[in-house]
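Chemist: Here you go, query_14.txt (compact mmCIF, C-alpha atoms):
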```
# COMPACT_ATOMS: atom_id res chain seq x y z
CA MET A 1 116.04 29.32 -20.96
CA SER A 2 117.69 32.47 -19.61
CA ALA A 3 121.19 33.55 -20.62
CA PRO A 4 124.05 32.26 -18.46
CA LEU A 5 125.25 34.49 -15.68
CA LEU A 6 128.87 34.14 -16.73
CA ARG A 7 130.77 32.80 -19.69
CA ALA A 8 134.57 32.61 -19.84
CA ARG A 9 136.54 31.53 -22.89
CA ALA A 10 140.30 31.18 -22.58
CA LEU A 11 140.17 33.75 -19.83
CA VAL A 12 143.60 34.85 -18.59
CA ALA A 13 143.63 37.26 -15.65
CA GLY A 14 146.28 38.94 -13.55
CA TRP A 15 147.36 42.12 -11.85
CA GLN A 16 150.51 43.62 -13.40
CA GLY A 17 150.80 40.74 -15.88
CA PRO A 18 149.01 37.50 -16.87
CA ALA A 19 148.88 35.22 -13.82
CA THR A 20 146.51 32.40 -14.67
CA ALA A 21 146.23 29.64 -17.21
CA PRO A 22 143.44 30.03 -19.80
CA LEU A 23 140.11 29.15 -18.23
CA HIS A 24 136.83 28.06 -19.80
CA PHE A 25 133.50 27.85 -18.01
CA VAL A 26 129.84 28.72 -18.18
CA LEU A 27 127.82 29.45 -15.06
CA GLU A 28 124.07 29.12 -15.30
CA ASN A 29 121.55 30.59 -12.90
CA GLY A 30 121.02 28.44 -9.79
CA ARG A 31 124.46 26.81 -9.86
CA ILE A 32 127.61 26.97 -7.76
CA LEU A 33 131.04 26.95 -9.38
CA GLY A 34 134.05 26.07 -7.26
CA LEU A 35 137.62 27.10 -8.10
CA THR A 36 140.22 25.07 -6.30
CA GLY A 37 143.85 24.11 -6.65
CA PRO A 38 147.19 24.67 -4.95
CA ASN A 39 148.36 28.04 -3.68
CA GLY A 40 149.58 30.45 -6.31
CA VAL A 41 147.65 29.19 -9.33
CA GLY A 42 145.47 32.31 -9.40
CA LYS A 43 142.17 31.30 -7.78
CA THR A 44 141.73 34.64 -6.05
CA THR A 45 142.97 36.46 -9.15
CA ILE A 46 140.21 34.88 -11.24
CA LEU A 47 137.62 35.85 -8.62
CA SER A 48 139.04 39.37 -8.56
CA ALA A 49 138.79 39.58 -12.35
CA LEU A 50 135.12 38.61 -12.16
CA ALA A 51 134.62 41.44 -9.65
CA GLY A 52 136.46 43.94 -11.84
CA ARG A 53 139.41 44.28 -9.48
CA ALA A 54 142.02 42.34 -11.48
CA ARG A 55 142.68 42.74 -15.20
CA VAL A 56 141.59 40.41 -17.98
CA PHE A 57 144.64 40.06 -20.22
CA SER A 58 143.22 37.80 -22.88
CA GLY A 59 140.26 35.65 -23.68
CA LEU A 60 136.65 36.54 -23.21
CA LEU A 61 134.61 37.22 -20.09
CA GLU A 62 130.92 37.77 -20.68
CA MET A 63 128.52 38.72 -17.91
CA ARG A 64 124.78 38.87 -18.21
CA PRO A 65 123.88 42.57 -18.61
CA GLY A 66 122.83 44.26 -15.37
CA LEU A 67 124.35 41.51 -13.23
CA ARG A 68 124.52 42.56 -9.58
CA LEU A 69 127.62 41.24 -7.83
CA ALA A 70 128.36 40.67 -4.18
CA LEU A 71 131.98 40.00 -3.23
CA GLN A 72 133.46 38.52 -0.07
CA THR A 73 137.24 38.70 0.11
CA GLN A 74 139.62 36.96 2.49
CA ASP A 75 140.28 40.29 4.21
CA VAL A 76 138.60 40.52 7.59
CA PRO A 77 136.26 43.54 7.60
CA PRO A 78 138.15 46.23 9.55
CA VAL A 79 135.67 46.65 12.38
CA ALA A 80 137.99 46.58 15.40
CA GLY A 81 137.11 49.59 17.50
CA VAL A 82 134.10 50.50 15.36
CA PRO A 83 130.77 50.60 17.21
CA LEU A 84 128.81 48.59 14.65
CA THR A 85 126.45 45.76 15.62
CA GLY A 86 125.80 42.61 13.63
CA ARG A 87 122.25 43.76 12.93
CA GLU A 88 123.55 47.07 11.57
CA LEU A 89 126.02 45.18 9.36
CA LEU A 90 123.19 43.12 7.85
CA GLU A 91 121.16 46.30 7.27
CA LEU A 92 124.07 47.78 5.31
CA THR A 93 123.92 45.04 2.68
CA ALA A 94 120.14 44.54 3.03
CA ALA A 95 120.74 40.91 4.05
CA PRO A 96 117.96 39.31 6.11
CA ALA A 97 118.82 37.79 9.49
CA ASP A 98 116.37 34.89 8.94
CA GLY A 99 118.23 31.62 8.66
CA LEU A 100 121.26 32.56 10.73
CA PRO A 101 122.54 29.76 12.94
CA PRO A 102 121.32 29.87 16.56
CA TRP A 103 124.86 30.49 17.86
CA LEU A 104 124.86 33.76 15.93
CA GLY A 105 121.23 34.84 15.78
CA GLY A 106 121.18 35.75 19.47
CA ARG A 107 124.30 37.90 19.22
CA LEU A 108 123.21 40.29 16.50
CA ASP A 109 122.90 43.25 18.84
CA LEU A 110 126.49 42.97 20.04
CA ARG A 111 129.26 45.04 18.52
CA LEU A 112 131.14 43.11 15.85
CA ASP A 113 134.41 43.57 17.71
CA ARG A 114 132.87 41.82 20.74
CA LEU A 115 132.24 38.62 18.73
CA SER A 116 134.73 35.80 18.30
CA GLY A 117 136.76 35.68 15.08
CA GLY A 118 134.65 32.84 13.72
CA GLN A 119 131.36 34.51 14.57
CA ARG A 120 132.50 37.78 13.02
CA HIS A 121 133.68 36.01 9.88
CA TYR A 122 130.41 34.12 9.45
CA LEU A 123 128.33 37.25 9.96
CA ALA A 124 130.43 39.21 7.45
CA LEU A 125 130.06 36.30 5.03
CA TRP A 126 126.30 36.07 5.64
CA ALA A 127 125.90 39.79 4.96
CA ILE A 128 127.39 39.22 1.49
CA LEU A 129 125.81 35.83 0.79
CA GLN A 130 122.29 37.02 1.54
CA ALA A 131 122.62 40.49 0.00
CA PRO A 132 120.38 41.15 -3.01
CA ALA A 133 122.65 40.01 -5.84
CA ASP A 134 122.59 37.83 -8.94
CA LEU A 135 126.13 36.53 -8.55
CA VAL A 136 127.90 35.99 -5.24
CA LEU A 137 131.71 35.70 -5.23
CA LEU A 138 133.25 34.09 -2.15
CA ASP A 139 136.97 33.78 -1.43
CA GLU A 140 137.84 30.98 1.02
CA PRO A 141 134.49 31.19 2.83
CA THR A 142 135.31 28.32 5.23
CA ASN A 143 138.29 30.13 6.76
CA ASN A 144 137.85 30.52 10.54
CA LEU A 145 134.73 28.31 10.54
CA ASP A 146 134.33 25.23 12.72
CA ALA A 147 132.50 22.09 11.54
CA ALA A 148 129.09 23.48 12.57
CA GLY A 149 129.79 26.70 10.66
CA VAL A 150 130.83 24.81 7.51
CA ALA A 151 127.74 22.58 7.70
CA HIS A 152 125.48 25.62 8.05
CA LEU A 153 127.24 27.36 5.17
CA VAL A 154 126.69 24.35 2.87
CA THR A 155 122.95 24.47 3.55
CA ALA A 156 122.80 28.26 3.21
CA LEU A 157 124.63 28.16 -0.14
CA ARG A 158 122.29 25.53 -1.57
CA GLU A 159 119.25 27.51 -0.38
CA ARG A 160 120.74 30.72 -1.80
CA VAL A 161 121.07 29.41 -5.34
CA ALA A 162 117.74 27.57 -5.12
CA SER A 163 116.10 30.98 -4.68
CA GLY A 164 117.94 32.41 -7.71
CA GLY A 165 121.35 33.64 -8.72
CA GLY A 166 124.68 31.88 -8.85
CA VAL A 167 127.80 31.53 -6.76
CA VAL A 168 131.49 31.35 -7.64
CA LEU A 169 133.65 30.34 -4.73
CA VAL A 170 137.34 29.80 -4.19
CA SER A 171 138.39 27.26 -1.60
CA HIS A 172 141.24 24.98 -0.70
CA ASP A 173 138.80 22.82 1.33
CA HIS A 174 138.22 19.93 -1.08
CA ASP A 175 135.52 18.28 1.03
CA PHE A 176 133.55 21.50 1.20
CA VAL A 177 133.92 22.13 -2.53
CA ALA A 178 132.86 18.58 -3.39
CA GLN A 179 129.87 18.86 -1.07
CA VAL A 180 128.45 22.17 -2.23
CA CYS A 181 129.53 22.87 -5.81
CA ASP A 182 127.69 21.86 -8.98
CA GLN A 183 130.80 22.29 -11.08
CA VAL A 184 134.43 22.42 -10.03
CA ILE A 185 137.51 23.73 -11.81
CA VAL A 186 140.85 22.62 -10.47
CA LEU A 187 143.31 25.31 -11.45
CA ARG A 188 146.69 24.04 -12.53
CA GLU A 189 148.92 25.00 -15.39
CA VAL A 190 146.20 23.63 -17.64
CA PRO A 191 142.81 23.83 -15.91
CA ASP A 192 140.94 20.58 -15.63
CA VAL A 193 137.17 20.79 -15.58
CA VAL A 194 135.65 17.98 -13.46
CA MET B 1 122.70 85.28 30.12
CA TRP B 2 119.68 84.73 27.93
CA SER B 3 119.62 88.25 26.64
CA ASP B 4 120.29 88.63 22.93
CA LEU B 5 123.89 89.36 23.74
CA PHE B 6 124.50 85.75 24.74
CA LEU B 7 121.53 83.95 23.21
CA LEU B 8 122.68 84.36 19.62
CA PRO B 9 126.24 83.14 20.33
CA PHE B 10 124.82 80.26 22.38
CA LEU B 11 122.46 79.16 19.60
CA THR B 12 125.18 79.49 16.97
CA GLY B 13 127.51 77.29 18.96
CA LEU B 14 124.68 74.88 19.79
CA CYS B 15 124.08 74.22 16.08
CA LEU B 16 127.75 73.28 15.77
CA ALA B 17 127.66 71.22 18.96
CA LEU B 18 124.88 69.16 17.36
CA ILE B 19 126.66 68.47 14.08
CA LEU B 20 130.39 68.40 14.90
CA PRO B 21 130.29 65.26 17.13
CA VAL B 22 128.38 63.36 14.42
CA LEU B 23 130.85 64.51 11.77
CA GLY B 24 133.63 63.46 14.13
CA CYS B 25 132.24 59.90 14.22
CA PHE B 26 132.34 59.66 10.43
CA LEU B 27 135.84 61.16 10.29
CA ARG B 28 137.00 58.60 12.85
CA LEU B 29 135.26 55.83 10.90
CA ARG B 30 137.39 56.83 7.91
CA ASP B 31 140.54 57.20 10.05
CA GLU B 32 140.52 60.86 9.09
CA TRP B 33 140.21 62.63 12.43
CA LEU B 34 143.31 64.66 11.57
CA ALA B 35 141.16 66.24 8.87
CA ALA B 36 139.47 68.33 11.56
CA LEU B 37 142.70 70.14 12.35
CA ALA B 38 143.75 70.33 8.70
CA TYR B 39 140.53 71.90 7.40
CA ALA B 40 140.41 74.26 10.40
CA HIS B 41 143.92 75.57 9.70
CA VAL B 42 143.24 75.88 5.97
CA ALA B 43 140.02 77.76 6.72
CA ALA B 44 141.89 80.11 9.03
CA ALA B 45 144.52 80.76 6.35
CA GLY B 46 141.80 81.31 3.73
CA ALA B 47 139.97 83.78 5.97
CA LEU B 48 143.15 85.77 6.57
CA LEU B 49 144.05 85.74 2.86
CA ALA B 50 140.59 87.02 2.01
CA LEU B 51 140.87 89.75 4.62
CA VAL B 52 144.21 90.91 3.22
CA GLY B 53 142.73 90.81 -0.29
CA GLY B 54 139.74 92.92 0.73
CA LEU B 55 137.23 90.08 0.59
CA SER B 56 134.93 88.60 3.22
CA PRO B 57 136.93 86.42 5.66
CA ALA B 58 133.98 84.02 5.98
CA PHE B 59 133.93 83.54 2.20
CA GLY B 60 137.70 83.09 2.11
CA GLY B 61 137.69 80.54 4.90
CA MET B 62 134.92 78.44 3.40
CA ALA B 63 136.35 78.65 -0.12
CA ALA B 64 139.82 77.57 1.04
CA ALA B 65 138.44 74.65 3.07
CA ALA B 66 136.18 73.53 0.22
CA LEU B 67 139.08 73.70 -2.22
CA ALA B 68 141.23 71.64 0.14
CA GLY B 69 138.46 69.07 0.59
CA ALA B 70 137.87 68.73 -3.14
CA SER B 71 141.51 68.72 -4.25
CA LYS B 72 142.60 66.21 -1.61
CA ARG B 73 141.20 63.43 -3.77
CA VAL B 74 143.38 64.48 -6.70
CA PHE B 75 146.50 63.75 -4.66
CA ALA B 76 145.04 60.78 -2.77
CA ARG B 77 147.38 58.22 -4.37
CA ARG B 78 150.53 60.19 -3.64
CA LEU B 79 149.44 61.28 -0.19
CA ALA B 80 148.06 58.13 1.39
CA GLY B 81 148.03 57.38 5.10
CA GLY B 82 146.81 60.77 6.26
CA ALA B 83 149.74 62.63 4.71
CA ALA B 84 147.34 64.91 2.83
CA PHE B 85 145.84 66.16 6.08
CA ALA B 86 149.21 66.62 7.74
CA LEU B 87 150.45 68.68 4.78
CA LEU B 88 147.23 70.72 4.66
CA LEU B 89 147.54 71.40 8.38
CA LEU B 90 151.14 72.56 8.04
CA ALA B 91 150.40 74.68 4.98
CA GLY B 92 147.36 76.31 6.60
CA TRP B 93 149.25 77.04 9.79
CA ALA B 94 152.28 78.44 7.93
CA VAL B 95 150.24 80.77 5.71
CA ALA B 96 148.11 81.95 8.64
CA VAL B 97 151.11 82.71 10.87
CA LEU B 98 153.00 84.48 8.07
CA LEU B 99 149.99 86.64 7.23
CA ALA B 100 149.39 87.43 10.90
CA ALA B 101 153.05 88.38 11.33
CA ASN B 102 153.01 90.79 8.41
CA GLN B 103 149.52 92.32 8.41
CA PRO B 104 148.11 94.05 11.53
CA LEU B 105 144.52 93.35 10.47
CA ALA B 106 145.31 89.71 9.88
CA GLU B 107 147.03 89.47 13.24
CA ARG B 108 143.86 90.46 15.09
CA LEU B 109 141.65 88.12 13.08
CA GLY B 110 144.24 85.37 13.37
CA HIS B 111 144.10 85.52 17.15
CA ALA B 112 140.32 85.47 17.02
CA LEU B 113 140.29 82.43 14.71
CA PHE B 114 142.74 80.39 16.71
CA ASP B 115 141.39 81.38 20.15
CA GLY B 116 137.72 81.35 19.19
CA GLN B 117 135.30 84.25 19.11
CA LEU B 118 132.02 82.56 19.93
CA TYR B 119 130.75 85.38 22.17
CA PHE B 120 131.00 87.82 19.27
CA SER B 121 128.75 85.74 17.00
CA GLY B 122 125.66 87.61 15.87
CA GLY B 123 122.54 87.04 13.84
CA ALA B 124 124.45 86.90 10.54
CA GLN B 125 126.65 84.07 11.81
CA LEU B 126 123.64 82.17 13.15
CA ALA B 127 121.85 82.62 9.83
CA LEU B 128 124.82 80.95 8.14
CA VAL B 129 125.51 78.19 10.68
CA ALA B 130 121.95 77.02 11.44
CA PRO B 131 120.86 76.11 7.89
CA TRP B 132 124.28 74.65 7.16
CA ALA B 133 124.05 72.41 10.24
CA VAL B 134 120.66 71.15 9.03
CA PHE B 135 122.02 70.58 5.52
CA ALA B 136 125.17 68.86 6.77
CA GLY B 137 123.11 66.62 9.05
CA ALA B 138 120.86 65.64 6.16
CA MET B 139 123.88 64.95 3.94
CA LEU B 140 125.49 62.74 6.57
CA LEU B 141 122.22 60.86 6.91
CA VAL B 142 122.16 60.25 3.15
CA LEU B 143 125.86 59.31 2.95
CA SER B 144 125.91 57.25 6.14
CA ARG B 145 125.21 53.81 4.64
CA HIS B 146 127.71 54.35 1.82
CA LEU B 147 130.43 55.53 4.20
CA LEU B 148 129.89 52.52 6.46
CA LEU B 149 129.91 50.15 3.47
CA ALA B 150 133.13 51.72 2.20
CA ARG B 151 134.73 50.97 5.56
CA VAL B 152 133.42 47.43 6.09
CA TYR B 153 133.39 46.23 2.47
CA PRO B 154 135.90 48.42 0.58
CA ASP B 155 135.24 46.49 -2.66
CA HIS B 156 131.49 47.03 -2.56
CA PHE B 157 131.39 49.95 -4.98
CA GLN B 158 133.66 48.32 -7.55
CA ALA B 159 131.83 44.99 -7.40
CA ARG B 160 128.51 46.75 -7.92
CA HIS B 161 129.93 48.95 -10.69
CA LEU B 162 129.05 51.98 -8.59
CA ARG B 163 131.03 55.18 -8.49
CA ALA B 164 132.42 55.86 -5.05
CA TRP B 165 133.84 59.30 -5.76
CA PRO B 166 130.58 61.28 -5.51
CA VAL B 167 130.08 59.87 -2.00
CA MET B 168 133.64 60.59 -0.94
CA LEU B 169 133.74 64.04 -2.52
CA GLY B 170 130.38 64.90 -0.97
CA PHE B 171 131.63 63.86 2.45
CA ASP B 172 134.92 65.75 2.05
CA LEU B 173 133.06 68.93 1.14
CA VAL B 174 130.60 68.60 4.03
CA ALA B 175 133.51 68.02 6.42
CA ALA B 176 135.59 70.90 5.05
CA LEU B 177 132.79 73.47 5.04
CA THR B 178 131.46 72.46 8.46
CA LEU B 179 134.93 72.76 9.93
CA ALA B 180 135.45 76.13 8.23
CA LEU B 181 132.28 77.43 9.87
CA ALA B 182 133.27 75.90 13.21
CA THR B 183 136.71 77.51 13.04
CA MET B 184 135.27 80.93 12.31
CA THR B 185 132.71 80.55 15.09
CA MET B 186 134.44 78.84 18.00
CA GLY B 187 138.09 78.71 16.94
CA VAL B 188 140.38 75.95 15.71
CA MET B 189 140.68 74.02 18.97
CA GLY B 190 137.10 74.52 20.12
CA GLY B 191 135.86 72.91 16.91
CA PHE B 192 138.50 70.18 17.11
CA ALA B 193 137.48 69.31 20.68
CA LEU B 194 133.87 68.78 19.57
CA ILE B 195 135.01 66.67 16.62
CA PHE B 196 137.49 64.49 18.45
CA VAL B 197 136.38 63.82 22.04
CA PRO B 198 132.72 62.72 21.58
CA ALA B 199 133.72 60.42 18.70
CA TRP B 200 136.56 58.97 20.79
CA ILE B 201 134.09 58.17 23.59
CA VAL B 202 131.62 56.64 21.14
CA PHE B 203 134.15 54.34 19.51
CA ARG B 204 135.21 53.08 22.92
CA ARG B 205 131.85 52.77 24.61
CA ALA B 206 128.84 52.87 22.26
CA PRO B 207 126.93 49.60 21.81
CA GLY B 208 126.15 50.32 18.15
CA TRP B 209 126.40 52.91 15.39
CA ARG B 210 123.03 54.63 15.73
CA ARG B 211 123.20 54.75 19.50
CA GLY B 212 126.77 55.94 19.11
CA LEU B 213 125.72 58.93 17.01
CA LEU B 214 123.10 59.76 19.64
CA LEU B 215 125.69 59.46 22.42
CA ALA B 216 128.12 61.67 20.50
CA THR B 217 125.46 64.35 20.10
CA LEU B 218 124.52 64.18 23.80
CA VAL B 219 128.14 64.44 24.90
CA GLY B 220 128.76 67.32 22.50
CA VAL B 221 125.68 69.31 23.53
CA ALA B 222 126.19 68.66 27.27
CA GLY B 223 129.87 69.58 27.10
CA TYR B 224 129.19 72.65 25.00
CA THR B 225 126.37 73.95 27.22
CA ALA B 226 128.36 73.42 30.39
CA ALA B 227 131.45 75.06 28.88
CA PHE B 228 129.45 78.06 27.63
CA MET B 229 128.02 78.71 31.08
CA LEU B 230 131.24 77.98 32.94
CA ALA B 231 133.31 80.24 30.69
CA LEU B 232 130.83 83.07 31.16
CA TRP B 233 130.65 82.57 34.90
CA LEU B 234 134.43 82.43 35.31
CA ASP B 235 135.02 85.09 32.64
CA GLN B 236 137.39 82.76 30.76
CA PRO B 237 137.88 82.14 27.02
CA PHE B 238 135.35 79.58 25.74
CA GLY B 239 137.61 77.29 23.66
CA PRO B 240 139.99 76.13 26.40
CA VAL B 241 137.14 75.67 28.89
CA LEU B 242 135.28 73.51 26.35
CA ALA B 243 138.38 71.46 25.59
CA LEU B 244 139.14 70.83 29.29
CA LEU B 245 135.53 69.92 30.08
CA LEU B 246 135.33 67.47 27.19
CA ILE B 247 138.65 65.90 28.16
CA VAL B 248 137.42 65.34 31.73
CA LEU B 249 134.10 63.99 30.42
CA GLY B 250 135.95 61.74 28.00
CA LEU B 251 138.30 60.34 30.62
CA VAL B 252 135.39 59.61 32.97
CA ILE B 253 133.23 57.88 30.34
CA ALA B 254 135.83 56.21 28.13
```
Using structure tokens, write down the structure from this file.

Modeler:
Amino acid sequence: MSAPLLRARALVAGWQGPATAPLHFVLENGRILGLTGPNGVGKTTILSALAGRARVFSGLLEMRPGLRLALQTQDVPPVAGVPLTGRELLELTAAPADGLPPWLGGRLDLRLDRLSGGQRHYLALWAILQAPADLVLLDEPTNNLDAAGVAHLVTALRERVASGGGVVLVSHDHDFVAQVCDQVIVLREVPDVV
Amino acid sequence: MWSDLFLLPFLTGLCLALILPVLGCFLRLRDEWLAALAYAHVAAAGALLALVGGLSPAFGGMAAAALAGASKRVFARRLAGGAAFALLLLAGWAVAVLLAANQPLAERLGHALFDGQLYFSGGAQLALVAPWAVFAGAMLLVLSRHLLLARVYPDHFQARHLRAWPVMLGFDLVAALTLALATMTMGVMGGFALIFVPAWIVFRRAPGWRRGLLLATLVGVAGYTAAFMLALWLDQPFGPVLALLLIVLGLVIA
């Protein structure tokens, strides 16, 4: 059995100071971990710590050596006014276009700033989700998505981990988290592993 | 017109007309189009300083621009939001004007640098500009994906544990040195026109990035060629003719 992708023991992360309760989890290859909970408990901070953006103040965070990360943040990629097509965006992250939903697959040759907000968000998300990586970190991936987009994302996430790698996602969408995640941590003052 | 007298200046400017619009697209991508004016003014100041110090103006201009490009990153945190380029522009302009006001030699060269002296370019200038344009084009090709990723996914480098600074420093140096050469060949505003206008058209009209770079090059070369011929025919300075032609072209297309 291969080593876990991630192992956290009493992990406390933050920016200027500690901002999360101690967190314990192990993420194996082929699994999806969901972080959920009310606003302000540090879901995004934990994700940022995994990506090396936020600081780890105490506890232990172990990553499998050589782990390749792909990170999708809540920030909309700043492409307004930039002449970049969807196909060129996918080429940047080496993400294949195969498997895109039909409502997006036919619009790949349009500039990103000519797409709707939801289409642009899903394409930017797809470019990260399908990039060559061992661990994909997603922050509120269902933002701006309609029901069809969420349904497609659930399938794409399951297929992604079935082909290798793992996913850690942050979401306030409990239905989505329950539907797609193998393990869920509800962040509160004392995290509760379900 | 195609005698050596005009062929060498034409070819020298053509090399710059091929590379400056592409560089302009990357500067605009990084919201750094003001860099064109900043590096041009610093290069002019460096050339004048070198002249006063008994050194080659070309060496002085390129060294000053390269130093500005490299050191800009050191002050990046304090000078965010384009402040670095604004300060470089002001400093370059101030030094150049003060030198020109106090040194007769510098005054003549200063006029030439700010107005452009394309028609006086010779074989030595072409021998410098042509290989640099090829090198700069190759560098932009290599850096292109990284520069686009840095714009679209700013966290990409950190998440992949990659160092972004070699990419950014490499781009800054290519931009600074290309603009130094452009300033010393076609003047501050001639170079700026080729940096700014084609990229502005591309960002408004191009259907994609690759086709945008091609469009920028076409606009730059067409505008440059037309301006070169028109300025000769009308016996007018090249820089202002180029700027006016590109503005008209830009307003029509964009």

Chemist: As a count of residues only, could you give me every residue of chain B near chain A (at most 7 Å apart, counting all atoms listed in the file)?

Modeler: 14

Chemist: Near region 14-25 of chain B, counting all atoms listed in the file, which residues have an atom at most 7 Å away, once you skip same-chain residues fewer than 2 positions from it, shown as a list in words?

Modeler: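 Surrounding residues, per the criterion: Phe10, Leu11, Thr12, Leu27, Arg28, Leu29, Trp33, Val129, Ala130, Ala133, Gly137, Ala175, Ala182, Leu194, Ile195, Phe196, Pro198, Ala199, Leu213, Ala216, Thr217, Gly220, Val221 and Tyr224 of chain B.
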
Chemist: Output the selection as an mmCIF file, in the frame of the given file - C-alpha atoms for each residue.

Modeler:
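Produced file out.cif, reproduced below:
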```cif
data_model
loop_
_atom_site.group_PDB
_atom_site.id
_atom_site.type_symbol
_atom_site.label_atom_id
_atom_site.label_comp_id
_atom_site.auth_asym_id
_atom_site.auth_seq_id
_atom_site.Cartn_x
_atom_site.Cartn_y
_atom_site.Cartn_z
ATOM 1 C CA PHE B 10 124.820 80.260 22.380
ATOM 2 C CA LEU B 11 122.460 79.160 19.600
ATOM 3 C CA THR B 12 125.180 79.490 16.970
ATOM 4 C CA LEU B 27 135.840 61.160 10.290
ATOM 5 C CA ARG B 28 137.000 58.600 12.850
ATOM 6 C CA LEU B 29 135.260 55.830 10.900
ATOM 7 C CA TRP B 33 140.210 62.630 12.430
ATOM 8 C CA VAL B 129 125.510 78.190 10.680
ATOM 9 C CA ALA B 130 121.950 77.020 11.440
ATOM 10 C CA ALA B 133 124.050 72.410 10.240
ATOM 11 C CA GLY B 137 123.110 66.620 9.050
ATOM 12 C CA ALA B 175 133.510 68.020 6.420
ATOM 13 C CA ALA B 182 133.270 75.900 13.210
ATOM 14 C CA LEU B 194 133.870 68.780 19.570
ATOM 15 C CA ILE B 195 135.010 66.670 16.620
ATOM 16 C CA PHE B 196 137.490 64.490 18.450
ATOM 17 C CA PRO B 198 132.720 62.720 21.580
ATOM 18 C CA ALA B 199 133.720 60.420 18.700
ATOM 19 C CA LEU B 213 125.720 58.930 17.010
ATOM 20 C CA ALA B 216 128.120 61.670 20.500
ATOM 21 C CA THR B 217 125.460 64.350 20.100
ATOM 22 C CA GLY B 220 128.760 67.320 22.500
ATOM 23 C CA VAL B 221 125.680 69.310 23.530
ATOM 24 C CA TYR B 224 129.190 72.650 25.000
#
```

Chemist: From the options A:Leu187, A:Trp103, A:Val12, A:Val177, which residue's atoms come nearest to Leu115 (chain A), counting all atoms listed in the file?

Modeler: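 For Leu115 (chain A), the nearest of the candidates is A:Trp103.
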
Chemist: Determine the nearest neighbour of Ala38 (chain B) from the options B:Val52, B:Leu177, B:Ala58, B:Ala65, counting only C-alpha atoms.

Modeler: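 Nearest candidate to Ala38 (chain B) out of B:Val52, B:Leu177, B:Ala58, B:Ala65: B:Ala65.
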
Chemist: Which of these, A:Arg7, A:Arg31, A:Arg55, A:Arg120, has the shortest distance to Ala19 (chain A) once you count all atoms listed in the file?

Modeler: A:Arg55

Chemist: Write out as a CSV table (one decimal) with C-alpha atoms, in the coordinates of the input which residues come within 9 Å of Val168 (chain A) when counting only C-alpha atoms, dropping same-chain ones fewer than 3 positions away.

Modeler:
```csv
chain,number,residue,atom,x,y,z
A,27,LEU,CA,127.8,29.4,-15.1
A,31,ARG,CA,124.5,26.8,-9.9
A,32,ILE,CA,127.6,27.0,-7.8
A,33,LEU,CA,131.0,27.0,-9.4
A,34,GLY,CA,134.0,26.1,-7.3
A,35,LEU,CA,137.6,27.1,-8.1
A,47,LEU,CA,137.6,35.8,-8.6
A,135,LEU,CA,126.1,36.5,-8.6
A,136,VAL,CA,127.9,36.0,-5.2
A,137,LEU,CA,131.7,35.7,-5.2
A,138,LEU,CA,133.2,34.1,-2.2
A,139,ASP,CA,137.0,33.8,-1.4
A,181,CYS,CA,129.5,22.9,-5.8
```

Chemist: Kindly indicate which residue among B:Tyr119, B:Trp200, B:Phe114, B:Phe135 lies nearest to Leu232 (chain B), using all atoms listed in the file for the distances.

Modeler: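 The shortest atom-to-atom distance to Leu232 (chain B) comes from B:Tyr119.
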
Chemist: How many Å separate CA of Ala100 (chain B) from CA of Ala45 (chain B)?

Modeler: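 Spanning CA of Ala100 (chain B) to CA of Ala45 (chain B) is a straight-line distance of 9.4 Å.
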
Chemist: Could you jot down the CA of Arg64 (chain A) to CA of Ser171 (chain A) separation for me, Å, one decimal place?

Modeler: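 Separation between CA of Arg64 (chain A) and CA of Ser171 (chain A): 24.4 Å.
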
Chemist: Could you state the separation of CA of Ala231 (chain B) and CA of Leu218 (chain B) in Å, given to one decimal place?

Modeler: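 Taking CA of Ala231 (chain B) as the start and CA of Leu218 (chain B) as the end point, the length is 19.6 Å.
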